[in-house]
Amino acid sequence: VSLVTLGVTDLARSIAFYERLGFRRRAASADGVGFFEAGAVALAVYPAADLANDAGLETGRATSAVSLAWNCASPDAVDTALALAAEAGAAIHSADNRLLGGYIGYFADPDGHLWEVAYNPGFPLGNDGRLTLPD
């Protein structure tokens, strides 16, 4: 995966939200879309009606249920990320310890896109911030 595009209802609001989360906006001269650096992939926000039109779908038709993940190096980093999301205006589901290990919480962006914020000791992060999946 090299680019994840989220369909949004208010482009300016979504761009401001992700900037408040600390995502670095790139290609700002691109009209009608917001692009952000997001580690090994890029994140884009694009008007949902335009996205549906591009894909040849009926406007407003939901195509899938998806959550994005923000993996952190520690439980404290999870709490920090969730606090940052709350300050940016996200709806928060507080983090807690999970039965199978790890520490996980969630937030939803202004359009309801669900983000998991997780510390998972079984999926460590490399020095470059990339997730390492076990064999």
# chains A, B, ... in the order shown; residues from 1 in each chain; ligands from 1

call {"tool": "residues_around", "arguments": {"residues": "A:Ile15", "least_positions_apart": "5", "cutoff": "12 Å", "atoms": "only C-alpha atoms", "output": "list in words"}}
result
Leu6, Gly7, Val8, Thr9, Asp10, Arg20, Leu21, Gly22, Phe23, Arg24, Arg25, Arg26, Ala28, Gly32, Val33, Gly34, Phe35, Phe36, Leu43, Ala44, Val45, Tyr46, Pro47, Ala88, Asp109, Pro110 and Asp111 of chain A

call {"tool": "select_by_dssp", "arguments": {"residues": "chain A", "states": "helix (DSSP H, G or I)", "output": "PyMOL selection string"}}
result
chain A and resi 11-20+48-54+75-87

call {"tool": "write_last_selection", "arguments": {"atoms": "C-alpha atoms", "output": "tab-separated table (two decimals), in the first residue's frame"}}
result
chain	number	residue	atom	x	y	z
A	11	LEU	CA	-12.08	19.06	2.74
A	12	ALA	CA	-10.84	22.16	4.57
A	13	ARG	CA	-11.97	20.77	7.95
A	14	SER	CA	-10.25	17.44	7.27
A	15	ILE	CA	-7.01	19.07	6.15
A	16	ALA	CA	-6.98	21.20	9.31
A	17	PHE	CA	-7.73	18.13	11.48
A	18	TYR	CA	-4.84	16.07	10.11
A	19	GLU	CA	-2.49	19.05	10.33
A	20	ARG	CA	-3.46	19.44	14.02
A	48	ALA	CA	-16.40	11.80	-0.77
A	49	ALA	CA	-18.68	12.72	-3.68
A	50	ASP	CA	-15.65	13.18	-5.96
A	51	LEU	CA	-14.18	9.88	-4.77
A	52	ALA	CA	-17.45	8.06	-5.49
A	53	ASN	CA	-17.63	9.71	-8.91
A	54	ASP	CA	-14.03	8.74	-9.71
A	75	PRO	CA	1.51	2.62	26.06
A	76	ASP	CA	2.45	6.20	27.03
A	77	ALA	CA	2.81	7.05	23.34
A	78	VAL	CA	-0.70	5.66	22.74
A	79	ASP	CA	-2.10	7.96	25.43
A	80	THR	CA	-0.20	10.91	23.95
A	81	ALA	CA	-1.56	10.19	20.45
A	82	LEU	CA	-5.13	9.87	21.76
A	83	ALA	CA	-4.79	13.15	23.69
A	84	LEU	CA	-3.53	14.85	20.54
A	85	ALA	CA	-6.49	13.48	18.58
A	86	ALA	CA	-8.90	14.71	21.29
A	87	GLU	CA	-7.34	18.19	21.14

call {"tool": "closest_atom_pairs", "arguments": {"of": "stretch 11-83 of chain A", "to": "stretch 112-122 of chain A", "cutoff": "7 Å", "atoms": "only C-alpha atoms", "output": "Markdown table"}}
result
| residue | atom | partner | partner_atom | distance |
| --- | --- | --- | --- | --- |
| A:Ser67 | CA | A:Leu114 | CA | 4.8 |
| A:Leu68 | CA | A:Trp115 | CA | 4.7 |
| A:Ala69 | CA | A:Glu116 | CA | 4.6 |
| A:Trp70 | CA | A:Val117 | CA | 4.8 |
| A:Asn71 | CA | A:Ala118 | CA | 4.9 |
| A:Cys72 | CA | A:Tyr119 | CA | 5.1 |
| A:Ala73 | CA | A:Tyr119 | CA | 6.1 |
| A:Ser74 | CA | A:Tyr119 | CA | 5.5 |
| A:Pro75 | CA | A:Tyr119 | CA | 5.7 |
| A:Val78 | CA | A:Val117 | CA | 5.9 |

call {"tool": "write_last_selection", "arguments": {"atoms": "C-alpha atoms", "output": "PDB file, in the first residue's frame"}}
result
ATOM      1  CA  SER A  67      -9.952   1.203  10.348  1.00  0.00           C
ATOM      2  CA  LEU A  68      -6.536   2.750  10.015  1.00  0.00           C
ATOM      3  CA  ALA A  69      -3.833   1.989  12.559  1.00  0.00           C
ATOM      4  CA  TRP A  70      -1.347   4.266  14.280  1.00  0.00           C
ATOM      5  CA  ASN A  71       1.148   1.991  16.000  1.00  0.00           C
ATOM      6  CA  CYS A  72       3.177   3.386  18.879  1.00  0.00           C
ATOM      7  CA  ALA A  73       6.361   2.354  20.672  1.00  0.00           C
ATOM      8  CA  SER A  74       4.801   2.359  24.166  1.00  0.00           C
ATOM      9  CA  PRO A  75       1.513   2.623  26.065  1.00  0.00           C
ATOM     10  CA  VAL A  78      -0.698   5.663  22.738  1.00  0.00           C
TER      11      VAL A  78
END

call {"tool": "atom_distance", "arguments": {"atom1": "atom CA of A:Tyr106", "atom2": "atom CA of A:Ile92"}}
result
5.9 Å

call {"tool": "atom_distance", "arguments": {"atom1": "atom CA of A:Val66", "atom2": "atom CA of A:Thr5"}}
result
11.5 Å

call {"tool": "residues_around", "arguments": {"residues": "A:Leu133", "least_positions_apart": "4", "cutoff": "10 Å", "atoms": "only C-alpha atoms", "output": "PyMOL selection string"}}
result
chain A and resi 122-125

call {"tool": "write_last_selection", "arguments": {"atoms": "N, CA and C atoms", "output": "short mmCIF file (atom, residue, chain, number, x, y, z; two decimals), in the first residue's frame"}}
result
data_model
loop_
_atom_site.label_atom_id
_atom_site.label_comp_id
_atom_site.auth_asym_id
_atom_site.auth_seq_id
_atom_site.Cartn_x
_atom_site.Cartn_y
_atom_site.Cartn_z
N GLY A 122 4.11 -7.53 20.32
CA GLY A 122 4.37 -8.59 19.35
C GLY A 122 4.60 -8.08 17.95
N PHE A 123 4.33 -6.79 17.71
CA PHE A 123 4.54 -6.15 16.40
C PHE A 123 5.42 -4.92 16.64
N PRO A 124 6.71 -5.12 16.88
CA PRO A 124 7.58 -3.99 17.22
C PRO A 124 7.77 -3.03 16.05
N LEU A 125 8.14 -1.80 16.41
CA LEU A 125 8.45 -0.78 15.41
C LEU A 125 9.96 -0.70 15.23
#

call {"tool": "residues_around", "arguments": {"residues": "A:Ala40", "least_positions_apart": "3", "cutoff": "9 Å", "atoms": "only C-alpha atoms", "output": "PyMOL selection string"}}
result
chain A and resi 1-2+37+129-130

call {"tool": "select_by_dssp", "arguments": {"residues": "stretch 30-88 of chain A", "states": "strand (DSSP E or B)", "output": "NGL selection string"}}
result
:A and (34-38 or 41-47 or 67-71)

call {"tool": "atom_distance", "arguments": {"atom1": "atom CA of A:Asn97", "atom2": "atom CA of A:Thr132"}}
result
20.5 Å

call {"tool": "decode", "arguments": {"residues": "stretch 17-31 of chain A", "atoms": "N, CA, C and O atoms", "output": "PDB file, in the first residue's frame"}}
result
ATOM      1  N   PHE A  17      -7.762  19.179  10.460  1.00  0.00           N
ATOM      2  CA  PHE A  17      -7.728  18.131  11.481  1.00  0.00           C
ATOM      3  C   PHE A  17      -6.418  17.355  11.416  1.00  0.00           C
ATOM      4  O   PHE A  17      -5.727  17.189  12.425  1.00  0.00           O
ATOM      5  N   TYR A  18      -6.056  16.876  10.235  1.00  0.00           N
ATOM      6  CA  TYR A  18      -4.839  16.075  10.113  1.00  0.00           C
ATOM      7  C   TYR A  18      -3.582  16.909  10.339  1.00  0.00           C
ATOM      8  O   TYR A  18      -2.590  16.408  10.885  1.00  0.00           O
ATOM      9  N   GLU A  19      -3.616  18.173  10.002  1.00  0.00           N
ATOM     10  CA  GLU A  19      -2.487  19.050  10.329  1.00  0.00           C
ATOM     11  C   GLU A  19      -2.365  19.206  11.839  1.00  0.00           C
ATOM     12  O   GLU A  19      -1.251  19.182  12.381  1.00  0.00           O
ATOM     13  N   ARG A  20      -3.497  19.333  12.547  1.00  0.00           N
ATOM     14  CA  ARG A  20      -3.460  19.441  14.018  1.00  0.00           C
ATOM     15  C   ARG A  20      -2.930  18.162  14.651  1.00  0.00           C
ATOM     16  O   ARG A  20      -2.350  18.197  15.736  1.00  0.00           O
ATOM     17  N   LEU A  21      -3.145  17.016  13.987  1.00  0.00           N
ATOM     18  CA  LEU A  21      -2.603  15.752  14.501  1.00  0.00           C
ATOM     19  C   LEU A  21      -1.096  15.652  14.281  1.00  0.00           C
ATOM     20  O   LEU A  21      -0.454  14.750  14.794  1.00  0.00           O
ATOM     21  N   GLY A  22      -0.540  16.549  13.498  1.00  0.00           N
ATOM     22  CA  GLY A  22       0.888  16.548  13.260  1.00  0.00           C
ATOM     23  C   GLY A  22       1.313  15.948  11.927  1.00  0.00           C
ATOM     24  O   GLY A  22       2.504  15.834  11.658  1.00  0.00           O
ATOM     25  N   PHE A  23       0.347  15.559  11.099  1.00  0.00           N
ATOM     26  CA  PHE A  23       0.702  15.069   9.772  1.00  0.00           C
ATOM     27  C   PHE A  23       1.226  16.241   8.942  1.00  0.00           C
ATOM     28  O   PHE A  23       0.665  17.332   8.967  1.00  0.00           O
ATOM     29  N   ARG A  24       2.301  16.003   8.205  1.00  0.00           N
ATOM     30  CA  ARG A  24       2.906  17.054   7.382  1.00  0.00           C
ATOM     31  C   ARG A  24       2.247  17.048   6.009  1.00  0.00           C
ATOM     32  O   ARG A  24       2.312  16.070   5.273  1.00  0.00           O
ATOM     33  N   ARG A  25       1.621  18.178   5.678  1.00  0.00           N
ATOM     34  CA  ARG A  25       0.956  18.292   4.378  1.00  0.00           C
ATOM     35  C   ARG A  25       1.998  18.488   3.291  1.00  0.00           C
ATOM     36  O   ARG A  25       2.940  19.261   3.437  1.00  0.00           O
ATOM     37  N   ARG A  26       1.810  17.791   2.200  1.00  0.00           N
ATOM     38  CA  ARG A  26       2.684  17.892   1.037  1.00  0.00           C
ATOM     39  C   ARG A  26       1.824  18.193  -0.181  1.00  0.00           C
ATOM     40  O   ARG A  26       0.618  18.033  -0.142  1.00  0.00           O
ATOM     41  N   ALA A  27       2.444  18.579  -1.266  1.00  0.00           N
ATOM     42  CA  ALA A  27       1.751  18.876  -2.532  1.00  0.00           C
ATOM     43  C   ALA A  27       0.552  19.783  -2.276  1.00  0.00           C
ATOM     44  O   ALA A  27      -0.534  19.586  -2.813  1.00  0.00           O
ATOM     45  N   ALA A  28       0.774  20.809  -1.441  1.00  0.00           N
ATOM     46  CA  ALA A  28      -0.319  21.705  -1.050  1.00  0.00           C
ATOM     47  C   ALA A  28      -0.918  22.451  -2.234  1.00  0.00           C
ATOM     48  O   ALA A  28      -2.049  22.940  -2.144  1.00  0.00           O
ATOM     49  N   SER A  29      -0.186  22.527  -3.333  1.00  0.00           N
ATOM     50  CA  SER A  29      -0.720  23.214  -4.506  1.00  0.00           C
ATOM     51  C   SER A  29      -1.746  22.366  -5.258  1.00  0.00           C
ATOM     52  O   SER A  29      -2.446  22.874  -6.134  1.00  0.00           O
ATOM     53  N   ALA A  30      -1.864  21.082  -4.920  1.00  0.00           N
ATOM     54  CA  ALA A  30      -2.864  20.221  -5.561  1.00  0.00           C
ATOM     55  C   ALA A  30      -4.247  20.685  -5.126  1.00  0.00           C
ATOM     56  O   ALA A  30      -4.563  20.691  -3.935  1.00  0.00           O
ATOM     57  N   ASP A  31      -5.074  21.083  -6.065  1.00  0.00           N
ATOM     58  CA  ASP A  31      -6.393  21.628  -5.773  1.00  0.00           C
ATOM     59  C   ASP A  31      -7.401  20.511  -5.532  1.00  0.00           C
ATOM     60  O   ASP A  31      -7.435  19.531  -6.265  1.00  0.00           O
TER      61      ASP A  31
END
